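*Asks:* Please read through the structure below; I'll follow up with questions.
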Amino acid sequence: MSTPVSTHPDEFLPRDTADVVRTVRDSRRSTKPLIIRGGERPDEEFGLPVQGSVLSMRKMNRVQVVDADARTVRVQAGARLSDIDRTLGAHGLGLPIVGDHRDITAGGFAAVGGLSAASHRFGMFADNVAELEYVDQDGRFGTCGRTHHAERFRKILGGGGRTGIITALTLEVTGVDKDRTWLTTDAHRFLDFDTWVEHSFREIQSPGDAMLQVGRWIDTAPLKVARPVGTGTVQLGTVRFGQWSSLHPTTPNLSLRARRAVGARAR
């Protein structure tokens, strides 16, 4: 079985698909469930204790092959999307779909489908997976893709790890220079839910040149806050607010450059 780290004796850190096969097969002799994780440590997810052994993909994080001609990249399942994008950037390429934070892994995102602000153009992250390697619940290795074992391929993508542990993926990429592409935001705000839905639907149906689209609606229940004196309560009103933002390509001006510089320093 893969070597556990000393501080987490029930965490196993495979470095390749063969390690995953051994770990899954050995785990079948244990009474503890085997829990699959992407890049996080077992004590980092929600701050809760892990009830079982953990197979973490965070050491399976290599970007293995970039094929600029075919516009594909082969990665291990634990590779972070931000690292994949950085590697692709050197070839003038990029991932069409990325998550909303830097630590999302390729295998984890594919296993839940993977929506993003660019899904109106490129679908889900899983739609950009061409092939994958996996290990099933019995520790058997297999491959599948759009043109071979397509039914299993569809079951594993978005399957949350229940139909197979993704160990490597071949992803389709696009030609884009994300470091030098500037976007401007066209934002609309709403207080009525139905109006927000209608506007969002129209924007999704006719995005124009929008490269990213983001919609948010906040709808809270009434809040009860204790008075500073006495035992009574004060009920605050509900909050109902929505925003739809479309981000379009633009030529950078001084304001945009300043905001990007501030954001880079903050990150």
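By order of appearance in the structure tokens: chains A, B, ..., then residues from 1 within every chain, and ligands from 1 in the order shown.
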When DSSP works through the backbone of this structure, what residues of region 15-178 of chain A end up as strand (DSSP E or B), shown as an MDAnalysis selection string?
*Replies:* chainID A and resid 34:37 53:56 63:67 72:76 80 93:94 105 129:135 141:145 165:172 174:175
*Asks:* Write out as a PyMOL selection string each polymer residue whose atoms come within 8 Å of region 145-147 of chain A, counting only C-alpha atoms; drop sequence neighbours fewer than 5 positions from it.
*Replies:* chain A and resi 130-132+153
*Asks:* Give the answer as one residue: which of A:Arg102, A:Asp138, A:Val66, A:Leu88 has the shortest atom-to-atom distance to Val20 (chain A), using only C-alpha atoms?
*Replies:*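 Comparing A:Arg102, A:Asp138, A:Val66, A:Leu88 against Val20 (chain A), the winner is A:Asp138.
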*Asks:* Just how far from CA of Ala106 (chain A) is CA of Thr72 (chain A), in Å to one decimal?
*Replies:*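 The value is 13.7 Å.
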*Asks:* So that I can check the surroundings of His199 (chain A), please list as a PyMOL selection string every protein, DNA and RNA residue that reaches within 12 Å of it, counting only C-alpha atoms and ignoring chain neighbours fewer than 6 positions away.
*Replies:* chain A and resi 187-190+192-193+205-207+215+242-246
*Asks:* List the spatial neighbours of Pro96 (chain A) as an MDAnalysis selection string - criterion: any atom at most 12 Å away, only C-alpha atoms, same-chain residues fewer than 6 positions off excluded.
*Replies:* chainID A and resid 71:72 81 84:85 88 114:129 171:178 211:212
*Asks:* Looking only at the backbone, which of the residues in region 46-146 of chain A does DSSP tag as helix (DSSP H, G or I), as a ChimeraX atom specification?
*Replies:* /A:81-89,106-111,119-122,125-128
